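What follows is the content of final24.txt, which has compact mmCIF, C-alpha atoms and all ligand atoms:
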```
# COMPACT_ATOMS: atom_id res chain seq x y z
CA MET A 976 -21.02 59.52 42.17
CA ARG A 977 -21.90 58.57 45.77
CA ARG A 978 -18.87 56.30 46.11
CA GLU A 979 -16.70 59.22 45.05
CA GLY A 980 -18.18 61.28 47.85
CA PHE A 981 -20.72 63.32 45.91
CA ASP A 982 -23.33 64.43 48.42
CA GLY A 983 -25.54 66.68 46.31
CA ALA A 984 -28.86 66.01 44.62
CA LEU A 985 -28.81 63.08 42.19
CA THR A 986 -31.55 62.36 39.67
CA MET A 987 -31.68 59.36 37.35
CA VAL A 988 -34.13 59.46 34.45
CA GLY A 989 -35.07 56.26 32.61
CA GLU A 990 -37.84 55.67 30.12
CA GLU A 991 -38.43 52.04 31.13
CA LEU A 992 -40.80 51.45 34.03
CA ARG A 993 -38.61 48.78 35.58
CA ALA A 994 -35.86 49.46 38.07
CA PRO A 995 -32.37 49.09 36.54
CA TYR A 996 -31.61 45.53 35.42
CA ASP A 997 -28.85 43.62 33.71
CA ARG A 998 -29.25 42.84 29.99
CA PRO A 999 -26.83 39.92 29.33
CA PRO A 1000 -29.14 37.34 31.01
CA LEU A 1001 -32.05 38.39 28.78
CA SER A 1002 -30.97 36.45 25.69
CA LYS A 1003 -29.67 33.58 27.84
CA GLN A 1004 -31.20 32.57 31.22
CA VAL A 1005 -34.34 34.73 31.05
CA LEU A 1006 -35.27 33.77 27.48
CA ALA A 1007 -34.58 30.13 28.32
CA GLY A 1008 -36.94 30.40 31.30
CA ASP A 1009 -34.16 29.34 33.67
CA TRP A 1010 -34.30 32.64 35.58
CA GLU A 1011 -37.27 34.45 36.96
CA PRO A 1012 -37.18 38.01 35.53
CA HIS A 1013 -36.41 39.61 38.92
CA ARG A 1014 -33.04 37.83 39.04
CA SER A 1015 -31.73 40.26 36.43
CA THR A 1016 -32.40 43.26 38.72
CA LEU A 1017 -29.17 45.16 39.30
CA ARG A 1018 -29.86 46.50 42.80
CA GLN A 1019 -32.37 45.73 45.49
CA ASP A 1020 -34.78 48.54 46.44
CA THR A 1021 -32.93 49.13 49.72
CA ASP A 1022 -29.62 49.58 47.85
CA LEU A 1023 -31.28 52.04 45.49
CA GLN A 1024 -32.70 53.94 48.45
CA ARG A 1025 -29.26 54.10 50.02
CA LEU A 1026 -28.11 56.10 46.97
CA ARG A 1027 -30.52 58.89 48.00
CA MET A 1028 -31.47 59.33 44.38
CA ASN A 1029 -34.48 60.87 42.75
CA LEU A 1030 -35.30 57.90 40.49
CA ARG A 1031 -37.58 58.96 37.67
CA LEU A 1032 -38.73 55.77 35.94
CA GLY A 1033 -41.10 55.72 32.96
CA CYS A 1034 -39.76 59.14 32.15
CA ARG A 1035 -38.31 59.95 28.71
CA ALA A 1036 -35.83 62.74 28.10
CA THR A 1037 -36.78 64.61 24.93
CA GLY A 1038 -34.33 67.48 24.78
CA LEU A 1039 -31.15 69.02 26.15
CA ASP A 1040 -30.20 72.68 26.42
CA THR A 1041 -26.50 72.82 27.26
CA ALA A 1042 -26.44 76.64 27.52
CA GLY A 1043 -29.39 76.75 29.93
CA ARG A 1044 -28.26 73.47 31.57
CA THR A 1045 -31.64 71.77 31.43
CA VAL A 1046 -32.99 68.41 30.31
CA THR A 1047 -36.56 68.42 29.02
CA LEU A 1048 -38.81 65.46 29.77
CA ALA A 1049 -41.66 64.09 27.63
CA ASP A 1050 -44.27 65.77 29.84
CA GLY A 1051 -42.60 69.15 29.36
CA GLU A 1052 -40.90 69.30 32.76
CA ARG A 1053 -37.41 70.79 32.74
CA LEU A 1054 -34.69 69.45 35.02
CA GLY A 1055 -31.80 71.76 35.75
CA TYR A 1056 -28.33 70.31 36.24
CA ASP A 1057 -24.79 71.23 37.25
CA GLY A 1058 -23.47 68.02 35.72
CA LEU A 1059 -25.02 65.56 33.25
CA ILE A 1060 -24.10 62.01 32.27
CA ILE A 1061 -25.73 60.64 29.12
CA ALA A 1062 -26.14 56.85 29.22
CA THR A 1063 -29.13 56.20 26.96
CA GLY A 1064 -27.67 53.09 25.29
CA LEU A 1065 -29.02 51.73 22.03
CA ARG A 1066 -32.21 50.98 20.19
CA PRO A 1067 -32.57 47.86 18.02
CA ARG A 1068 -32.22 48.44 14.28
CA ARG A 1069 -35.30 47.30 12.36
CA LEU A 1070 -35.89 45.97 8.87
CA PRO A 1071 -37.87 48.17 6.49
CA PHE A 1072 -40.59 45.47 6.44
CA GLY A 1073 -42.18 42.81 8.63
CA HIS A 1074 -42.40 44.59 11.98
CA ASP A 1075 -46.14 45.15 11.59
CA LEU A 1076 -46.70 41.36 11.62
CA ALA A 1077 -47.47 39.55 14.88
CA GLY A 1078 -44.67 37.15 15.78
CA VAL A 1079 -41.87 39.52 14.65
CA HIS A 1080 -39.69 40.64 17.57
CA VAL A 1081 -36.67 42.65 18.57
CA LEU A 1082 -34.90 42.05 21.87
CA ARG A 1083 -33.35 44.79 23.96
CA THR A 1084 -35.53 45.12 27.05
CA LEU A 1085 -36.77 42.74 29.71
CA ASP A 1086 -40.36 43.30 28.58
CA GLU A 1087 -39.46 42.43 24.98
CA THR A 1088 -37.76 39.28 26.29
CA LEU A 1089 -40.81 38.22 28.27
CA THR A 1090 -43.10 38.83 25.27
CA LEU A 1091 -40.84 36.67 23.11
CA ARG A 1092 -40.48 34.05 25.83
CA ALA A 1093 -44.28 33.74 26.09
CA GLN A 1094 -44.46 32.88 22.39
CA LEU A 1095 -41.83 30.14 22.64
CA THR A 1096 -43.94 27.86 24.80
CA ALA A 1097 -46.21 26.93 21.87
CA GLY A 1098 -43.28 25.24 20.07
CA PRO A 1099 -42.96 27.69 17.17
CA ARG A 1100 -40.61 27.54 14.22
CA VAL A 1101 -38.10 30.32 14.86
CA VAL A 1102 -36.10 32.37 12.36
CA VAL A 1103 -33.38 34.63 13.76
CA ILE A 1104 -32.21 37.37 11.41
CA GLY A 1105 -28.69 38.52 12.23
CA ALA A 1106 -25.93 36.27 13.57
CA GLY A 1107 -24.00 38.74 15.71
CA PHE A 1108 -23.67 38.14 19.46
CA LEU A 1109 -27.34 38.71 20.15
CA GLY A 1110 -28.76 36.70 17.23
CA SER A 1111 -26.37 33.80 17.81
CA GLU A 1112 -27.30 33.69 21.50
CA ILE A 1113 -31.01 33.76 20.72
CA ALA A 1114 -30.52 30.93 18.21
CA ALA A 1115 -28.62 28.91 20.83
CA THR A 1116 -31.22 29.55 23.54
CA THR A 1117 -34.25 28.76 21.36
CA ARG A 1118 -32.56 25.68 19.90
CA GLY A 1119 -31.72 24.66 23.47
CA LEU A 1120 -35.48 24.68 24.12
CA GLY A 1121 -35.82 22.07 21.37
CA LEU A 1122 -37.30 24.48 18.82
CA ASP A 1123 -36.83 24.38 15.07
CA VAL A 1124 -34.43 27.30 14.45
CA ALA A 1125 -32.94 28.97 11.36
CA LEU A 1126 -30.22 31.64 11.61
CA VAL A 1127 -29.69 34.07 8.72
CA ASP A 1128 -26.91 36.58 8.06
CA VAL A 1129 -25.35 38.41 5.12
CA GLU A 1130 -21.88 37.52 6.45
CA PRO A 1131 -20.21 34.19 5.61
CA THR A 1132 -20.20 33.01 9.26
CA PRO A 1133 -21.89 33.94 12.53
CA LEU A 1134 -20.00 36.61 14.52
CA ALA A 1135 -17.85 37.45 11.47
CA ARG A 1136 -17.70 41.14 12.40
CA GLN A 1137 -17.16 40.46 16.08
CA VAL A 1138 -14.52 37.69 16.08
CA GLY A 1139 -13.56 37.19 12.41
CA THR A 1140 -14.45 34.35 10.07
CA TRP A 1141 -12.09 31.73 11.52
CA VAL A 1142 -13.62 31.65 14.99
CA GLY A 1143 -16.97 32.54 13.38
CA GLY A 1144 -16.67 29.33 11.37
CA LEU A 1145 -16.34 27.35 14.60
CA VAL A 1146 -19.41 29.10 15.98
CA GLY A 1147 -21.25 28.17 12.77
CA ASP A 1148 -20.13 24.52 13.15
CA MET A 1149 -21.40 24.55 16.72
CA HIS A 1150 -24.85 25.76 15.66
CA ARG A 1151 -25.02 23.36 12.70
CA ASP A 1152 -23.96 20.50 14.92
CA ARG A 1153 -26.81 21.34 17.32
CA GLY A 1154 -29.33 21.30 14.48
CA VAL A 1155 -29.74 25.01 13.66
CA ARG A 1156 -30.35 25.66 9.96
CA LEU A 1157 -27.66 28.19 8.97
CA CYS A 1158 -28.31 30.51 6.02
CA MET A 1159 -25.06 32.48 5.78
CA GLY A 1160 -24.22 34.98 3.04
CA ARG A 1161 -27.93 35.57 2.47
CA HIS A 1162 -30.05 38.73 2.53
CA VAL A 1163 -33.59 38.74 3.81
CA THR A 1164 -35.78 40.27 1.09
CA GLY A 1165 -39.20 39.98 2.72
CA MET A 1166 -41.61 38.28 5.07
CA THR A 1167 -44.98 36.73 4.34
CA GLY A 1168 -47.94 36.75 6.68
CA GLU A 1169 -51.45 35.46 7.07
CA ASP A 1170 -54.17 37.15 9.12
CA GLY A 1171 -51.57 39.63 10.34
CA ARG A 1172 -49.19 36.93 11.62
CA VAL A 1173 -45.82 36.10 10.15
CA THR A 1174 -45.65 32.83 8.19
CA ALA A 1175 -42.22 32.92 6.52
CA VAL A 1176 -38.98 34.79 5.92
CA VAL A 1177 -37.90 35.08 2.29
CA LEU A 1178 -34.22 35.13 1.28
CA ASP A 1179 -32.51 36.63 -1.78
CA ASP A 1180 -31.99 33.20 -3.38
CA GLY A 1181 -35.73 32.54 -3.19
CA THR A 1182 -35.53 30.32 -0.11
CA ARG A 1183 -38.67 30.55 2.02
CA LEU A 1184 -38.04 29.81 5.70
CA PRO A 1185 -41.33 28.92 7.43
CA ALA A 1186 -41.64 30.92 10.63
CA ASP A 1187 -44.07 31.38 13.51
CA VAL A 1188 -41.64 33.60 15.39
CA VAL A 1189 -39.00 35.89 13.86
CA VAL A 1190 -36.37 37.73 15.88
CA VAL A 1191 -34.67 40.62 14.11
CA ALA A 1192 -31.19 41.06 15.60
CA ILE A 1193 -29.43 43.15 12.96
CA GLY A 1194 -27.61 45.51 15.27
CA SER A 1195 -28.55 48.64 17.13
CA VAL A 1196 -28.30 52.40 16.82
CA PRO A 1197 -27.30 54.80 19.59
CA ALA A 1198 -30.32 56.32 21.36
CA THR A 1199 -29.45 59.94 20.57
CA GLU A 1200 -32.64 61.10 18.83
CA TRP A 1201 -33.53 63.19 21.89
CA LEU A 1202 -30.24 65.09 21.48
CA ALA A 1203 -30.83 66.09 17.83
CA ASP A 1204 -31.33 69.80 18.66
CA SER A 1205 -28.89 69.94 21.56
CA GLY A 1206 -25.86 71.05 19.56
CA LEU A 1207 -23.88 68.11 20.98
CA PRO A 1208 -21.64 66.45 18.40
CA LEU A 1209 -23.39 63.23 17.31
CA ALA A 1210 -22.04 60.60 14.92
CA ASP A 1211 -22.52 56.95 15.77
CA GLY A 1212 -23.24 57.98 19.35
CA VAL A 1213 -22.32 61.00 21.45
CA LEU A 1214 -18.89 62.22 20.38
CA CYS A 1215 -16.74 62.75 23.46
CA ASP A 1216 -13.12 63.59 24.09
CA ALA A 1217 -10.75 61.05 25.64
CA THR A 1218 -12.14 61.84 29.10
CA CYS A 1219 -15.76 61.02 28.01
CA ARG A 1220 -16.65 64.73 27.97
CA ALA A 1221 -19.06 65.85 25.24
CA ALA A 1222 -19.57 69.49 26.29
CA PRO A 1223 -18.93 71.58 29.41
CA ARG A 1224 -20.37 69.60 32.37
CA VAL A 1225 -21.74 66.92 30.01
CA TYR A 1226 -20.26 63.42 29.85
CA ALA A 1227 -21.36 60.18 28.16
CA ALA A 1228 -20.87 56.53 29.11
CA GLY A 1229 -21.78 53.04 27.98
CA ASP A 1230 -23.13 51.88 24.61
CA VAL A 1231 -23.99 55.43 23.51
CA ALA A 1232 -20.53 56.97 24.06
CA ASN A 1233 -18.10 57.37 21.18
CA TRP A 1234 -14.62 58.49 22.21
CA PRO A 1235 -11.01 58.46 20.97
CA HIS A 1236 -9.49 55.44 22.68
CA PRO A 1237 -5.92 56.41 23.60
CA THR A 1238 -4.29 53.04 22.91
CA ALA A 1239 -6.51 51.89 20.05
CA GLY A 1240 -5.55 55.08 18.21
CA ARG A 1241 -9.08 55.66 16.87
CA ARG A 1242 -12.60 56.48 17.96
CA VAL A 1243 -14.52 53.55 19.41
CA ARG A 1244 -17.97 52.83 20.77
CA LEU A 1245 -18.28 49.62 22.78
CA GLU A 1246 -21.44 47.56 23.21
CA GLN A 1247 -20.18 45.52 26.14
CA ARG A 1248 -21.50 45.12 29.66
CA THR A 1249 -18.14 45.51 31.38
CA ASN A 1250 -17.51 48.76 29.55
CA ALA A 1251 -20.88 50.14 30.64
CA THR A 1252 -19.76 49.84 34.27
CA GLU A 1253 -16.16 50.94 33.81
CA GLN A 1254 -16.98 53.92 31.62
CA ALA A 1255 -19.75 55.01 33.99
CA ILE A 1256 -17.18 55.11 36.80
CA ALA A 1257 -14.71 57.00 34.62
CA ALA A 1258 -17.31 59.55 33.49
CA ALA A 1259 -18.57 60.07 37.05
CA LYS A 1260 -15.03 60.64 38.37
CA ASN A 1261 -14.15 63.02 35.55
CA LEU A 1262 -17.36 64.99 35.99
CA LEU A 1263 -16.61 65.41 39.69
CA SER A 1264 -12.93 66.27 39.25
CA GLY A 1265 -13.48 68.83 36.46
CA PRO A 1266 -11.68 69.00 33.09
CA ALA A 1267 -8.30 70.05 34.48
CA GLU A 1268 -7.97 66.88 36.57
CA ALA A 1269 -9.86 64.54 34.22
CA VAL A 1270 -8.19 61.28 33.22
CA PRO A 1271 -8.42 59.74 29.73
CA TYR A 1272 -10.49 56.57 29.61
CA ALA A 1273 -8.38 53.77 28.11
CA PRO A 1274 -9.84 50.35 28.98
CA ILE A 1275 -8.84 47.06 27.46
CA PRO A 1276 -12.32 46.09 26.26
CA PHE A 1277 -13.72 42.86 27.66
CA GLY A 1278 -16.72 41.05 26.22
CA TRP A 1279 -18.28 37.62 26.38
CA THR A 1280 -20.97 35.45 24.88
CA ASP A 1281 -22.46 32.19 26.16
CA GLN A 1282 -23.97 29.82 23.59
CA TYR A 1283 -25.05 26.26 24.49
CA ASP A 1284 -22.31 25.15 26.88
CA THR A 1285 -19.62 27.24 25.21
CA LYS A 1286 -18.24 30.44 26.72
CA ILE A 1287 -16.35 32.80 24.44
CA GLN A 1288 -14.55 35.76 26.00
CA THR A 1289 -12.53 38.50 24.39
CA TRP A 1290 -10.02 41.13 25.41
CA GLY A 1291 -9.36 43.97 22.99
CA TRP A 1292 -10.47 43.78 19.37
CA CYS A 1293 -10.84 40.68 17.22
CA PRO A 1294 -11.29 42.03 13.65
CA SER A 1295 -11.74 39.79 10.62
CA ASP A 1296 -8.63 41.15 8.87
CA ALA A 1297 -6.36 40.15 11.78
CA ARG A 1298 -4.16 37.05 11.73
CA VAL A 1299 -5.45 34.50 14.25
CA GLU A 1300 -2.81 32.54 16.13
CA ILE A 1301 -3.68 29.76 18.57
CA VAL A 1302 -1.44 30.09 21.61
CA ASP A 1303 -3.04 27.71 24.08
CA GLY A 1304 -5.28 24.64 23.94
CA ASP A 1305 -6.69 22.31 21.37
CA THR A 1306 -8.71 22.89 18.21
CA HIS A 1307 -7.94 19.73 16.28
CA ASP A 1308 -10.22 17.14 17.78
CA GLY A 1309 -12.90 17.49 15.11
CA ASP A 1310 -15.64 18.22 17.63
CA PRO A 1311 -16.35 21.96 18.01
CA ARG A 1312 -18.02 21.38 21.36
CA ALA A 1313 -14.79 20.01 22.76
CA HIS A 1314 -12.76 23.04 21.71
CA LYS A 1315 -10.82 24.84 24.38
CA PHE A 1316 -8.28 27.37 23.21
CA VAL A 1317 -6.89 30.89 23.38
CA ALA A 1318 -6.30 32.79 20.13
CA LEU A 1319 -4.38 36.02 19.66
CA TYR A 1320 -5.44 38.48 16.93
CA LYS A 1321 -2.47 40.15 15.25
CA THR A 1322 -2.15 42.92 12.68
CA ASP A 1323 0.12 42.60 9.64
CA GLY A 1324 2.82 44.32 11.67
CA GLY A 1325 2.55 41.61 14.33
CA ARG A 1326 0.89 43.83 16.97
CA VAL A 1327 -1.57 41.94 19.19
CA VAL A 1328 -4.93 43.74 19.08
CA GLY A 1329 -7.09 41.09 20.72
CA ALA A 1330 -7.22 37.80 22.56
CA LEU A 1331 -10.09 35.33 22.54
CA GLY A 1332 -10.73 32.43 24.86
CA TRP A 1333 -13.01 29.57 23.85
CA ASN A 1334 -13.98 27.80 27.04
CA SER A 1335 -10.65 29.05 28.43
CA ALA A 1336 -11.44 31.82 30.91
CA ARG A 1337 -8.48 31.17 33.16
CA ALA A 1338 -5.89 30.75 30.40
CA LEU A 1339 -7.20 33.86 28.63
CA ARG A 1340 -6.50 36.08 31.64
CA GLU A 1341 -2.78 35.57 31.13
CA TYR A 1342 -3.00 37.12 27.68
CA ARG A 1343 -4.78 40.30 28.75
CA GLY A 1344 -1.47 42.15 28.99
CA HIS A 1345 -0.62 41.25 25.39
CA VAL A 1346 -3.32 43.59 24.06
CA ALA A 1347 -2.34 46.60 26.13
CA GLN A 1348 0.25 48.16 23.82
CA PRO A 1349 -0.50 51.51 22.20
CA ALA A 1350 -1.34 51.60 18.50
CA ALA A 1351 1.97 53.16 17.59
CA ALA A 1352 4.05 50.40 19.24
C1 LIG B 1 -30.08 40.84 25.18
C2 LIG B 1 -28.70 41.39 25.44
C3 LIG B 1 -27.68 40.53 25.81
C4 LIG B 1 -26.40 41.04 26.06
N1 LIG B 1 -25.40 40.17 26.41
C5 LIG B 1 -24.16 40.64 26.63
C6 LIG B 1 -23.10 39.76 26.98
O1 LIG B 1 -23.28 38.54 27.06
N2 LIG B 1 -21.87 40.28 27.21
C7 LIG B 1 -21.62 41.64 27.11
O2 LIG B 1 -20.48 42.05 27.32
N3 LIG B 1 -22.61 42.50 26.80
C8 LIG B 1 -23.86 42.03 26.54
N4 LIG B 1 -24.87 42.91 26.20
C9 LIG B 1 -24.57 44.35 26.11
C10 LIG B 1 -24.78 45.08 27.44
O3 LIG B 1 -25.98 44.69 28.05
C11 LIG B 1 -24.74 46.57 27.17
O4 LIG B 1 -23.42 46.88 26.79
C12 LIG B 1 -25.18 47.39 28.36
O5 LIG B 1 -26.52 47.16 28.70
C13 LIG B 1 -25.00 48.88 28.06
O6 LIG B 1 -25.44 49.63 29.15
P1 LIG B 1 -25.89 51.15 28.96
O7 LIG B 1 -26.26 51.60 30.32
O8 LIG B 1 -24.90 51.89 28.18
O9 LIG B 1 -27.21 51.08 28.02
P2 LIG B 1 -28.59 50.35 28.28
O10 LIG B 1 -28.42 49.13 29.10
O11 LIG B 1 -29.23 50.22 26.93
O12 LIG B 1 -29.43 51.40 29.15
C14 LIG B 1 -29.87 52.61 28.57
C15 LIG B 1 -31.20 52.99 29.22
O13 LIG B 1 -31.53 54.31 28.79
C16 LIG B 1 -32.92 54.36 28.54
N5 LIG B 1 -33.16 55.46 27.60
C17 LIG B 1 -32.87 55.55 26.29
N6 LIG B 1 -33.25 56.72 25.78
C18 LIG B 1 -33.82 57.41 26.80
C19 LIG B 1 -34.42 58.70 26.91
N7 LIG B 1 -34.48 59.54 25.87
N8 LIG B 1 -34.90 59.07 28.11
C20 LIG B 1 -34.82 58.26 29.19
N9 LIG B 1 -34.26 57.02 29.14
C21 LIG B 1 -33.77 56.61 27.96
C22 LIG B 1 -33.24 53.01 27.97
O14 LIG B 1 -34.61 52.72 28.12
C23 LIG B 1 -32.35 52.09 28.80
O15 LIG B 1 -33.02 51.63 29.94
C24 LIG B 1 -26.15 42.43 25.94
C25 LIG B 1 -27.20 43.30 25.55
C26 LIG B 1 -28.47 42.78 25.30
C27 LIG B 1 -29.58 43.73 24.88
```
Mind turning this structure into structure tokens?
Ligand SMILES: Cc1cc2nc3c(=O)[nH]c(=O)nc-3n(C[C@H](O)[C@H](O)[C@H](O)COP(=O)(O)OP(=O)(O)OC[C@H]3O[C@@H](n4cnc5c(N)ncnc54)[C@H](O)[C@@H]3O)c2cc1C
Amino acid sequence: MRREGFDGALTMVGEELRAPYDRPPLSKQVLAGDWEPHRSTLRQDTDLQRLRMNLRLGCRATGLDTAGRTVTLADGERLGYDGLIIATGLRPRRLPFGHDLAGVHVLRTLDETLTLRAQLTAGPRVVVIGAGFLGSEIAATTRGLGLDVALVDVEPTPLARQVGTWVGGLVGDMHRDRGVRLCMGRHVTGMTGEDGRVTAVVLDDGTRLPADVVVVAIGSVPATEWLADSGLPLADGVLCDATCRAAPRVYAAGDVANWPHPTAGRRVRLEQRTNATEQAIAAAKNLLSGPAEAVPYAPIPFGWTDQYDTKIQTWGWCPSDARVEIVDGDTHDGDPRAHKFVALYKTDGGRVVGALGWNSARALREYRGHVAQPAAA
């Protein structure tokens, strides 16, 4: 807003007590203990001050009145607004059991990361439930600390929903090769505990995985509970139009925003760091310009994950029903750690919907343009 020349009063409300910080390092450098927590801070205090912002930390929004243009806070205070951007992100999904036991964690915030990190120093046996990006990274980081780690998922491979089963199979090989016990295609049916502390995770085939620490990483849900009575359209996030507008003078951005992506030809909600920045810029510009001048938000999504010494990056979408075609590099050396390739994801009609680089950041950049065509092309 300030970069675009907005000079009026700016208030940012956040329920965490910490100043804004970056989440990607949490499951990687911070959990590993390689970074001091403050390194994940997004802006120094002086930079925040330069924004001339009323920063309300430790402050939860509990309601929105779009007609009266007010946001209600947990202590009952009402904040009036001329323009509002909703960027409340996600909350971790939980299992219907186990979370009352000590040793069972979720990981979304820096404080949750530090609590988990503190428990890793005693050399626990770790079970990670959910092998999406977050669970796979936590498995890699904890295994990298030399811990005994099991990774469980209902899907046949790690990252099956994110990058399909072919690349997911390589990710599985990588974890197996590093000594992670993979339990794929398995449901967790329960946890056992002793004296209030978790002792094991039980799977649907009767397998009992001994555990001192369990991390539940089974996805997240948009943090929209505070908007339930607002009248805003909610369905897997805040439903916006193509310009990120949810209601007059109300926009949404980041993990919580669900909008019709012009070139994807469908509604999307992205849980990617790059999108959080780009969509925030788009929403801020569109709020300032007003609906008549607003521009549709049509990014080519970019995401990444770092596991062990492997960096996987994606442009666009990499669904499991797409055909995967290797266009650059080598995948036939028998050692998953040595892989270095770029894969294109194509629909039945041959349209490229995504590109993935495995340790191939530079080569991948050349394929970004391949995923830019509209859905109808
Ligand atoms: C551990 C971890 C690792 C990740 N790694 C990667 C990665 O490697 N690559 C990648 O592309 N992406 C990664 N991501 C995803 C990326 O961090 C998110 O896409 C990004 O943080 C989204 O930003 P956001 O501002 O939309 O939401 P968030 O970062 O979730 O911020 C939302 C904020 O709103 C606050 N809030 C929620 N409800 C309320 C309320 N009612 N009142 C006041 N405040 C509220 C929350 O406390 C939170 O601070 C990772 C995420 C996590 C958790």
Report as a tab-separated table: every residue of chain A with an atom at most 7 Å from ligand LIG 1 (chain B), its closest pair of atoms, and their distance in Å to one decimal, counting all atoms listed in the file, with rows sorted by chain and ascending residue number.
```
residue	atom	partner	partner_atom	distance
A:Val988	CA	B:LIG1	C20	5.4
A:Gly989	CA	B:LIG1	N9	3.6
A:Glu990	CA	B:LIG1	N9	3.9
A:Glu991	CA	B:LIG1	O14	4.9
A:Asp997	CA	B:LIG1	O3	6.4
A:Arg998	CA	B:LIG1	O3	4.2
A:Pro999	CA	B:LIG1	N1	3.3
A:Pro1000	CA	B:LIG1	C3	6.3
A:Leu1001	CA	B:LIG1	C1	4.8
A:Ser1002	CA	B:LIG1	C1	4.5
A:Cys1034	CA	B:LIG1	C20	5.8
A:Arg1035	CA	B:LIG1	N8	3.6
A:Ala1036	CA	B:LIG1	N8	3.8
A:Thr1037	CA	B:LIG1	N7	5.6
A:Ala1062	CA	B:LIG1	O8	5.2
A:Thr1063	CA	B:LIG1	O13	3.6
A:Gly1064	CA	B:LIG1	O9	3.4
A:Leu1065	CA	B:LIG1	O11	5.1
A:Leu1082	CA	B:LIG1	C1	6.0
A:Arg1083	CA	B:LIG1	C27	4.0
A:Thr1084	CA	B:LIG1	C27	6.5
A:Leu1109	CA	B:LIG1	C3	6.0
A:Ala1198	CA	B:LIG1	N6	5.3
A:Trp1201	CA	B:LIG1	N7	5.5
A:Ala1228	CA	B:LIG1	O8	6.2
A:Gly1229	CA	B:LIG1	O8	3.3
A:Asp1230	CA	B:LIG1	O8	4.0
A:Val1231	CA	B:LIG1	O8	5.9
A:Glu1246	CA	B:LIG1	O4	4.1
A:Gln1247	CA	B:LIG1	O4	3.6
A:Arg1248	CA	B:LIG1	O4	3.9
A:Thr1249	CA	B:LIG1	O2	5.8
A:Asn1250	CA	B:LIG1	O4	6.8
A:Ala1251	CA	B:LIG1	O6	4.8
A:Phe1277	CA	B:LIG1	O2	6.8
A:Gly1278	CA	B:LIG1	O2	4.0
A:Trp1279	CA	B:LIG1	N2	4.5
A:Thr1280	CA	B:LIG1	O1	4.4
A:Asp1281	CA	B:LIG1	O1	6.5
```
For CA of His1236 in chain A and CA of Leu1017 in chain A, determine how far apart the two atoms are, in Å to one decimal place. 27.7 Å
For range 1146-1168 of chain A against range 1282-1289 of chain A, with a cut-off of 10 Å and counting all atoms listed in the file, what is the closest atom pair and its distance in Å to one decimal for every residue that makes the cut, ordered by chain and number, as a Markdown table?
```
| residue | atom | partner | partner_atom | distance |
| --- | --- | --- | --- | --- |
| A:Val1146 | CA | A:Gln1282 | CA | 8.9 |
| A:Met1149 | CA | A:Tyr1283 | CA | 8.8 |
| A:His1150 | CA | A:Tyr1283 | CA | 8.8 |
| A:Arg1153 | CA | A:Tyr1283 | CA | 8.9 |
```
Quick check, in Å to one decimal: how far apart do CA of Asp1152 in chain A and CA of Gly1008 in chain A lie?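 For CA of Asp1152 in chain A relative to CA of Gly1008 in chain A, the distance reads 23.1 Å.
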From the options A:Ala1232, A:Cys1293, A:Ile1275, A:Ala1269, which residue's atoms come nearest to Val1346 in chain A, counting all atoms listed in the file?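 Using all atoms listed in the file, the shortest distance to Val1346 in chain A belongs to A:Ile1275.
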Nearest residue to Val1127 in chain A from the set A:Val1327, A:Ile1193, A:Ile1060, A:Val1173 (distances using all atoms listed in the file): A:Ile1193
Write out as JSON lines the residues of range 1078-1122 of chain A that have any atom within 9 Å of an atom of range 1131-1134 of chain A, one row each with the nearest atom pair and its distance in Å to one decimal, counting all atoms listed in the file, sorted by chain and then rising number.
```
{"residue": "A:Gly1105", "atom": "CA", "partner": "A:Pro1133", "partner_atom": "CA", "distance": 8.2}
{"residue": "A:Ala1106", "atom": "CA", "partner": "A:Pro1133", "partner_atom": "CA", "distance": 4.8}
{"residue": "A:Gly1107", "atom": "CA", "partner": "A:Leu1134", "partner_atom": "CA", "distance": 4.7}
{"residue": "A:Phe1108", "atom": "CA", "partner": "A:Leu1134", "partner_atom": "CA", "distance": 6.3}
{"residue": "A:Gly1110", "atom": "CA", "partner": "A:Pro1133", "partner_atom": "CA", "distance": 8.8}
{"residue": "A:Ser1111", "atom": "CA", "partner": "A:Pro1133", "partner_atom": "CA", "distance": 6.9}
```
Could range 1258-1264 of chain A be completed with N, CA and C atoms and written as a short mmCIF file (atom, residue, chain, number, x, y, z; two decimals), keeping the file's coordinate frame, please?
```cif
data_model
loop_
_atom_site.label_atom_id
_atom_site.label_comp_id
_atom_site.auth_asym_id
_atom_site.auth_seq_id
_atom_site.Cartn_x
_atom_site.Cartn_y
_atom_site.Cartn_z
N ALA A 1258 -16.60 58.30 33.78
CA ALA A 1258 -17.31 59.55 33.49
C ALA A 1258 -17.70 60.25 34.79
N ALA A 1259 -18.17 59.47 35.77
CA ALA A 1259 -18.57 60.07 37.05
C ALA A 1259 -17.37 60.74 37.72
N LYS A 1260 -16.23 60.06 37.74
CA LYS A 1260 -15.03 60.64 38.37
C LYS A 1260 -14.60 61.91 37.64
N ASN A 1261 -14.61 61.85 36.31
CA ASN A 1261 -14.15 63.02 35.55
C ASN A 1261 -15.11 64.19 35.69
N LEU A 1262 -16.39 63.91 35.78
CA LEU A 1262 -17.36 64.99 35.99
C LEU A 1262 -17.09 65.67 37.34
N LEU A 1263 -16.83 64.85 38.35
CA LEU A 1263 -16.61 65.41 39.69
C LEU A 1263 -15.28 66.15 39.79
N SER A 1264 -14.26 65.64 39.10
CA SER A 1264 -12.93 66.27 39.25
C SER A 1264 -12.82 67.56 38.45
#
```
